Amino acid sequence: MKQRIITGVLAAALFIPLVWVGGLLFVIGTYFIATVALYEVLRMRSIQFRSIPGAISMITLWIFLLPNEYYELLNQLNYSKIETALLSVLLLLVYTVLKKNRFTFDDAAFAVFAMLYVGIGFFYFIETRDADILWVVYALIIIWTTDSGAYFIGKSMGRRKLWPDISPNKTVEGFIGGIISALVGVVIFYFIAPLDAILWYLLLSTVILSAFGQIGDLVESALKRHYGVKDSGNILPGHGGLLDRFDSLLFVLPMMHILQLI
């Protein structure tokens with residue numbers, strides 16, 4: 001427990017100033033976090049980062065993460081992010097032939113999906129911070145209050161298992177409690193630092209985002225359980241890997257844009 005607290009404090013001491021400062025420093029930090037998260041996902045399937053598939057996935061991820069303000073770098077080469085992703089798919093499929101199916105079609109698909117899983121969430125992390133830091137705080141409040149509410153309400157009132165095959169400790173009561181806690185946290189935040197949104201739509205979006213954040217956690221749990229992994233990594237002693245800390249955020253941030261909050 002002591003190690004977990006120390007790690008959490010140190011991580012927050014690095015993460016919060018990074019978000020606060022924003023700009024290029026924040027983009028570089030996000031690139032680092034996303035790269036480590038991609039490494040953690042690929043490692044679950046024993047795809048080496050120092051390999052051709054690993055390099056293809058990493059380079060494609062870096063291009064995918066390019067903020068819109070730097071998009072001219074690709075335009076000057078007459079390429080788009082979609083074309084880059086398609087090229088990576090073709091290269092990975094070529095590699096299956098070169099390796100005579102020791103690197104399979106399934107491996108290629110996993111590498112592409114891993115890049116998209118990590119890349120979409122962290123791209124919108126950069127875009128959300130670029131729009132307004134208050135929206136990043138909003139997302140974090142949803143995740144933190146949802147996690148806390150789901151834990152405490154699930155522990156005290158939980159009776160019905162939510163999805164025991166994936167996450168035995170999660171309950172239906174905890175899931176609902178997490179959403180209620182998020183609503184309370186967002187209402188308090190709204191009156192402290194009003195967001196540029198209509199309150200009723202913000203609350204409706206909060207319900208959806210809280211649910212999606214919990215689903216994001218379940219998605220990573222299902223991935224780890226399928227590959228027999230307890231934690232995505234060990235870069236954060238007592239907490240696991242970076243993906244373990246950002247799994248909910250990878251679902252919440254894209255949904256914020258899909259709901260057109262930003």
# chains A, B, ... in the order shown; residues from 1 in each chain; ligands from 1
call {"tool": "residues_around", "arguments": {"residues": "range 188-190 of chain A", "least_positions_apart": "5", "cutoff": "12 Å", "atoms": "only C-alpha atoms", "output": "PyMOL selection string"}}
result
chain A and resi 134-135+137-142+145+181-183+195-200+202-203+206
call {"tool": "residues_around", "arguments": {"residues": "Ile143 in chain A", "least_positions_apart": "6", "cutoff": "10 Å", "atoms": "only C-alpha atoms", "output": "JSON list (two decimals) with all heavy atoms, in the first residue's frame"}}
result
[["chain", "number", "residue", "atom", "x", "y", "z"],
["A", 137, "VAL", "N", -9.90, 18.31, -17.38],
["A", 137, "VAL", "CA", -10.28, 18.18, -15.97],
["A", 137, "VAL", "C", -11.65, 17.51, -15.85],
["A", 137, "VAL", "O", -11.85, 16.64, -15.00],
["A", 137, "VAL", "CB", -10.30, 19.57, -15.28],
["A", 137, "VAL", "CG1", -10.78, 19.43, -13.83],
["A", 137, "VAL", "CG2", -8.92, 20.21, -15.34],
["A", 149, "GLY", "N", -16.63, 5.92, -6.74],
["A", 149, "GLY", "CA", -18.00, 5.55, -6.44],
["A", 149, "GLY", "C", -18.28, 4.08, -6.69],
["A", 149, "GLY", "O", -18.94, 3.42, -5.89],
["A", 178, "GLY", "N", -21.07, 4.31, -9.61],
["A", 178, "GLY", "CA", -20.02, 5.08, -10.27],
["A", 178, "GLY", "C", -20.61, 6.20, -11.10],
["A", 178, "GLY", "O", -20.08, 7.33, -11.11],
["A", 179, "ILE", "N", -21.68, 5.91, -11.81],
["A", 179, "ILE", "CA", -22.34, 6.92, -12.65],
["A", 179, "ILE", "C", -22.92, 8.04, -11.78],
["A", 179, "ILE", "O", -22.76, 9.23, -12.08],
["A", 179, "ILE", "CB", -23.45, 6.28, -13.50],
["A", 179, "ILE", "CG1", -22.84, 5.33, -14.53],
["A", 179, "ILE", "CG2", -24.28, 7.36, -14.21],
["A", 179, "ILE", "CD1", -23.85, 4.55, -15.34],
["A", 181, "SER", "N", -21.93, 8.94, -8.78],
["A", 181, "SER", "CA", -20.80, 9.70, -8.23],
["A", 181, "SER", "C", -20.24, 10.68, -9.25],
["A", 181, "SER", "O", -19.88, 11.81, -8.92],
["A", 181, "SER", "CB", -19.70, 8.73, -7.76],
["A", 181, "SER", "OG", -20.17, 7.87, -6.76],
["A", 182, "ALA", "N", -20.17, 10.24, -10.50],
["A", 182, "ALA", "CA", -19.68, 11.11, -11.57],
["A", 182, "ALA", "C", -20.60, 12.32, -11.76],
["A", 182, "ALA", "O", -20.14, 13.45, -11.96],
["A", 182, "ALA", "CB", -19.55, 10.33, -12.88],
["A", 209, "LEU", "N", -20.55, 8.94, -20.64],
["A", 209, "LEU", "CA", -19.09, 8.87, -20.52],
["A", 209, "LEU", "C", -18.66, 8.03, -19.32],
["A", 209, "LEU", "O", -17.67, 7.30, -19.39],
["A", 209, "LEU", "CB", -18.52, 10.29, -20.41],
["A", 209, "LEU", "CG", -18.67, 11.16, -21.65],
["A", 209, "LEU", "CD1", -18.31, 12.61, -21.35],
["A", 209, "LEU", "CD2", -17.81, 10.62, -22.79],
["A", 210, "SER", "N", -19.39, 8.14, -18.22],
["A", 210, "SER", "CA", -19.08, 7.33, -17.04],
["A", 210, "SER", "C", -19.25, 5.84, -17.37],
["A", 210, "SER", "O", -18.41, 5.01, -16.99],
["A", 210, "SER", "CB", -19.99, 7.72, -15.88],
["A", 210, "SER", "OG", -19.74, 6.90, -14.76],
["A", 211, "ALA", "N", -20.33, 5.53, -18.09],
["A", 211, "ALA", "CA", -20.56, 4.13, -18.49],
["A", 211, "ALA", "C", -19.45, 3.66, -19.44],
["A", 211, "ALA", "O", -18.93, 2.55, -19.28],
["A", 211, "ALA", "CB", -21.92, 4.00, -19.16],
["A", 212, "PHE", "N", -19.09, 4.49, -20.41],
["A", 212, "PHE", "CA", -18.04, 4.12, -21.36],
["A", 212, "PHE", "C", -16.68, 4.00, -20.68],
["A", 212, "PHE", "O", -15.87, 3.15, -21.05],
["A", 212, "PHE", "CB", -17.97, 5.13, -22.50],
["A", 212, "PHE", "CG", -18.71, 4.69, -23.73],
["A", 212, "PHE", "CD1", -20.08, 4.84, -23.82],
["A", 212, "PHE", "CD2", -18.04, 4.10, -24.79],
["A", 212, "PHE", "CE1", -20.79, 4.43, -24.93],
["A", 212, "PHE", "CE2", -18.72, 3.67, -25.91],
["A", 212, "PHE", "CZ", -20.10, 3.83, -25.99],
["A", 213, "GLY", "N", -16.44, 4.83, -19.68],
["A", 213, "GLY", "CA", -15.18, 4.72, -18.94],
["A", 213, "GLY", "C", -15.06, 3.38, -18.24],
["A", 213, "GLY", "O", -14.00, 2.74, -18.24],
["A", 214, "GLN", "N", -16.17, 2.93, -17.66],
["A", 214, "GLN", "CA", -16.18, 1.63, -16.98],
["A", 214, "GLN", "C", -16.06, 0.49, -18.00],
["A", 214, "GLN", "O", -15.42, -0.53, -17.73],
["A", 214, "GLN", "CB", -17.45, 1.48, -16.15],
["A", 214, "GLN", "CG", -17.51, 2.47, -14.99],
["A", 214, "GLN", "CD", -18.73, 2.28, -14.11],
["A", 214, "GLN", "OE1", -18.80, 1.32, -13.33],
["A", 214, "GLN", "NE2", -19.69, 3.18, -14.21],
["A", 246, "PHE", "N", -4.70, 4.36, -17.89],
["A", 246, "PHE", "CA", -5.34, 5.17, -18.91],
["A", 246, "PHE", "C", -6.44, 4.44, -19.67],
["A", 246, "PHE", "O", -6.99, 4.97, -20.63],
["A", 246, "PHE", "CB", -4.29, 5.67, -19.92],
["A", 246, "PHE", "CG", -3.41, 6.77, -19.39],
["A", 246, "PHE", "CD1", -2.24, 6.49, -18.70],
["A", 246, "PHE", "CD2", -3.76, 8.10, -19.58],
["A", 246, "PHE", "CE1", -1.43, 7.50, -18.21],
["A", 246, "PHE", "CE2", -2.97, 9.12, -19.09],
["A", 246, "PHE", "CZ", -1.79, 8.83, -18.41],
["A", 248, "SER", "N", -9.58, 3.74, -19.05],
["A", 248, "SER", "CA", -10.86, 4.44, -19.09],
["A", 248, "SER", "C", -10.78, 5.71, -19.94],
["A", 248, "SER", "O", -11.69, 6.03, -20.70],
["A", 248, "SER", "CB", -11.32, 4.81, -17.68],
["A", 248, "SER", "OG", -11.58, 3.65, -16.90],
["A", 249, "LEU", "N", -9.66, 6.41, -19.82],
["A", 249, "LEU", "CA", -9.47, 7.65, -20.56],
["A", 249, "LEU", "C", -9.49, 7.40, -22.07],
["A", 249, "LEU", "O", -9.96, 8.24, -22.84],
["A", 249, "LEU", "CB", -8.14, 8.30, -20.16],
["A", 249, "LEU", "CG", -8.02, 9.82, -20.35],
["A", 249, "LEU", "CD1", -8.98, 10.55, -19.43],
["A", 249, "LEU", "CD2", -6.60, 10.29, -20.11],
["A", 252, "VAL", "N", -13.19, 7.46, -22.82],
["A", 252, "VAL", "CA", -13.92, 8.69, -22.49],
["A", 252, "VAL", "C", -13.60, 9.83, -23.46],
["A", 252, "VAL", "O", -14.51, 10.52, -23.94],
["A", 252, "VAL", "CB", -13.61, 9.12, -21.04],
["A", 252, "VAL", "CG1", -14.13, 10.53, -20.76],
["A", 252, "VAL", "CG2", -14.23, 8.14, -20.05]]
call {"tool": "residues_around", "arguments": {"residues": "Tyr201 in chain A", "least_positions_apart": "5", "cutoff": "10 Å", "atoms": "only C-alpha atoms", "output": "ChimeraX atom specification"}}
result
/A:206-207,259,261
call {"tool": "write_last_selection", "arguments": {"atoms": "N, CA, C and O atoms", "output": "CSV table (one decimal), in the first residue's frame"}}
result
chain,number,residue,atom,x,y,z
A,206,THR,N,-22.4,13.0,-19.3
A,206,THR,CA,-21.7,12.4,-18.1
A,206,THR,C,-22.1,11.0,-17.9
A,206,THR,O,-21.3,10.1,-17.6
A,207,VAL,N,-23.4,10.7,-17.9
A,207,VAL,CA,-23.9,9.4,-17.8
A,207,VAL,C,-23.3,8.4,-18.8
A,207,VAL,O,-22.8,7.3,-18.5
A,259,LEU,N,-19.8,13.0,-28.9
A,259,LEU,CA,-20.9,13.6,-28.4
A,259,LEU,C,-20.9,15.1,-28.6
A,259,LEU,O,-21.9,15.8,-28.3
A,261,LEU,N,-19.2,17.5,-27.4
A,261,LEU,CA,-19.0,18.4,-26.2
A,261,LEU,C,-18.0,19.5,-26.5
A,261,LEU,O,-18.1,20.6,-26.0
call {"tool": "closest_residue", "arguments": {"among": "A:Phe49, A:Trp144, A:Tyr124, A:Phe32", "to": "Ala111 in chain A", "atoms": "only C-alpha atoms"}}
result
A:Phe49
call {"tool": "atom_distance", "arguments": {"atom1": "CA of Ser167 in chain A", "atom2": "CA of Phe152 in chain A"}}
result
16.0 Å
call {"tool": "atom_distance", "arguments": {"atom1": "CA of Phe15 in chain A", "atom2": "CA of Arg129 in chain A"}}
result
13.0 Å
call {"tool": "residues_around", "arguments": {"residues": "Leu24 in chain A", "least_positions_apart": "4", "cutoff": "12 Å", "atoms": "only C-alpha atoms", "output": "number ranges by chain"}}
result
A: 18-20, 28-31, 66-67, 69-70, 126, 129-130
call {"tool": "select_by_dssp", "arguments": {"residues": "range 34-175 of chain A", "states": "strand (DSSP E)", "output": "number ranges by chain"}}
result
A: 161-163, 167-171
call {"tool": "select_by_dssp", "arguments": {"residues": "range 19-247 of chain A", "states": "helix (DSSP H, G or I)", "output": "PyMOL selection string"}}
result
chain A and resi 19-21+23-44+52-64+68-70+72-75+81-98+105-131+133-157+172-192+199-226+242-246
call {"tool": "atom_distance", "arguments": {"atom1": "CA of Ile56 in chain A", "atom2": "CA of Glu40 in chain A"}}
result
15.5 Å
call {"tool": "residues_around", "arguments": {"residues": "Lys99 in chain A", "least_positions_apart": "5", "cutoff": "12 Å", "atoms": "only C-alpha atoms", "output": "PyMOL selection string"}}
result
chain A and resi 52-53+92-94+104-105+107-108
call {"tool": "write_last_selection", "arguments": {"atoms": "all heavy atoms", "output": "mmCIF file, in the first residue's frame"}}
result
data_model
loop_
_atom_site.group_PDB
_atom_site.id
_atom_site.type_symbol
_atom_site.label_atom_id
_atom_site.label_comp_id
_atom_site.auth_asym_id
_atom_site.auth_seq_id
_atom_site.Cartn_x
_atom_site.Cartn_y
_atom_site.Cartn_z
ATOM 1 N N ILE A 52 10.300 -5.787 -36.677
ATOM 2 C CA ILE A 52 9.699 -5.052 -37.792
ATOM 3 C C ILE A 52 8.231 -4.721 -37.510
ATOM 4 O O ILE A 52 7.810 -3.567 -37.685
ATOM 5 C CB ILE A 52 9.865 -5.840 -39.109
ATOM 6 C CG1 ILE A 52 11.350 -5.856 -39.506
ATOM 7 C CG2 ILE A 52 9.028 -5.218 -40.221
ATOM 8 C CD1 ILE A 52 11.663 -6.676 -40.734
ATOM 9 N N PRO A 53 7.400 -5.683 -37.052
ATOM 10 C CA PRO A 53 6.010 -5.331 -36.731
ATOM 11 C C PRO A 53 5.918 -4.275 -35.631
ATOM 12 O O PRO A 53 5.063 -3.380 -35.689
ATOM 13 C CB PRO A 53 5.404 -6.654 -36.268
ATOM 14 C CG PRO A 53 6.256 -7.698 -36.881
ATOM 15 C CD PRO A 53 7.633 -7.129 -36.892
ATOM 16 N N LEU A 92 2.566 -5.013 -42.882
ATOM 17 C CA LEU A 92 2.430 -6.115 -41.931
ATOM 18 C C LEU A 92 2.008 -7.404 -42.629
ATOM 19 O O LEU A 92 2.466 -8.500 -42.274
ATOM 20 C CB LEU A 92 1.427 -5.747 -40.838
ATOM 21 C CG LEU A 92 1.908 -4.697 -39.821
ATOM 22 C CD1 LEU A 92 0.747 -4.193 -38.983
ATOM 23 C CD2 LEU A 92 2.995 -5.277 -38.923
ATOM 24 N N LEU A 93 1.139 -7.290 -43.634
ATOM 25 C CA LEU A 93 0.725 -8.476 -44.390
ATOM 26 C C LEU A 93 1.880 -9.028 -45.222
ATOM 27 O O LEU A 93 2.038 -10.251 -45.350
ATOM 28 C CB LEU A 93 -0.470 -8.140 -45.294
ATOM 29 C CG LEU A 93 -1.777 -7.836 -44.562
ATOM 30 C CD1 LEU A 93 -2.861 -7.427 -45.554
ATOM 31 C CD2 LEU A 93 -2.236 -9.037 -43.738
ATOM 32 N N VAL A 94 2.692 -8.145 -45.773
ATOM 33 C CA VAL A 94 3.893 -8.589 -46.492
ATOM 34 C C VAL A 94 4.817 -9.347 -45.538
ATOM 35 O O VAL A 94 5.404 -10.374 -45.898
ATOM 36 C CB VAL A 94 4.634 -7.387 -47.114
ATOM 37 C CG1 VAL A 94 6.020 -7.802 -47.614
ATOM 38 C CG2 VAL A 94 3.825 -6.804 -48.264
ATOM 39 N N THR A 104 1.672 -14.322 -38.098
ATOM 40 C CA THR A 104 0.450 -14.693 -38.806
ATOM 41 C C THR A 104 -0.432 -13.488 -39.134
ATOM 42 O O THR A 104 -0.185 -12.354 -38.689
ATOM 43 C CB THR A 104 -0.369 -15.677 -37.954
ATOM 44 O OG1 THR A 104 -0.840 -14.991 -36.778
ATOM 45 C CG2 THR A 104 0.474 -16.882 -37.543
ATOM 46 N N PHE A 105 -1.482 -13.793 -39.900
ATOM 47 C CA PHE A 105 -2.497 -12.786 -40.209
ATOM 48 C C PHE A 105 -3.112 -12.244 -38.917
ATOM 49 O O PHE A 105 -3.377 -11.049 -38.790
ATOM 50 C CB PHE A 105 -3.581 -13.426 -41.093
ATOM 51 C CG PHE A 105 -4.570 -12.442 -41.656
ATOM 52 C CD1 PHE A 105 -4.391 -11.883 -42.910
ATOM 53 C CD2 PHE A 105 -5.701 -12.077 -40.926
ATOM 54 C CE1 PHE A 105 -5.306 -10.980 -43.431
ATOM 55 C CE2 PHE A 105 -6.616 -11.178 -41.441
ATOM 56 C CZ PHE A 105 -6.420 -10.625 -42.694
ATOM 57 N N ASP A 107 -1.645 -12.023 -36.018
ATOM 58 C CA ASP A 107 -0.652 -11.142 -35.401
ATOM 59 C C ASP A 107 -0.677 -9.760 -36.048
ATOM 60 O O ASP A 107 -0.582 -8.733 -35.359
ATOM 61 C CB ASP A 107 0.760 -11.738 -35.531
ATOM 62 C CG ASP A 107 0.931 -13.013 -34.722
ATOM 63 O OD1 ASP A 107 0.320 -13.108 -33.639
ATOM 64 O OD2 ASP A 107 1.661 -13.914 -35.177
ATOM 65 N N ALA A 108 -0.786 -9.748 -37.385
ATOM 66 C CA ALA A 108 -0.832 -8.480 -38.112
ATOM 67 C C ALA A 108 -2.063 -7.675 -37.703
ATOM 68 O O ALA A 108 -1.985 -6.464 -37.462
ATOM 69 C CB ALA A 108 -0.827 -8.734 -39.621
#
call {"tool": "closest_residue", "arguments": {"among": "A:Gly119, A:Gly23, A:Gly154, A:Gly216", "to": "Val172 in chain A", "atoms": "only C-alpha atoms"}}
result
A:Gly154
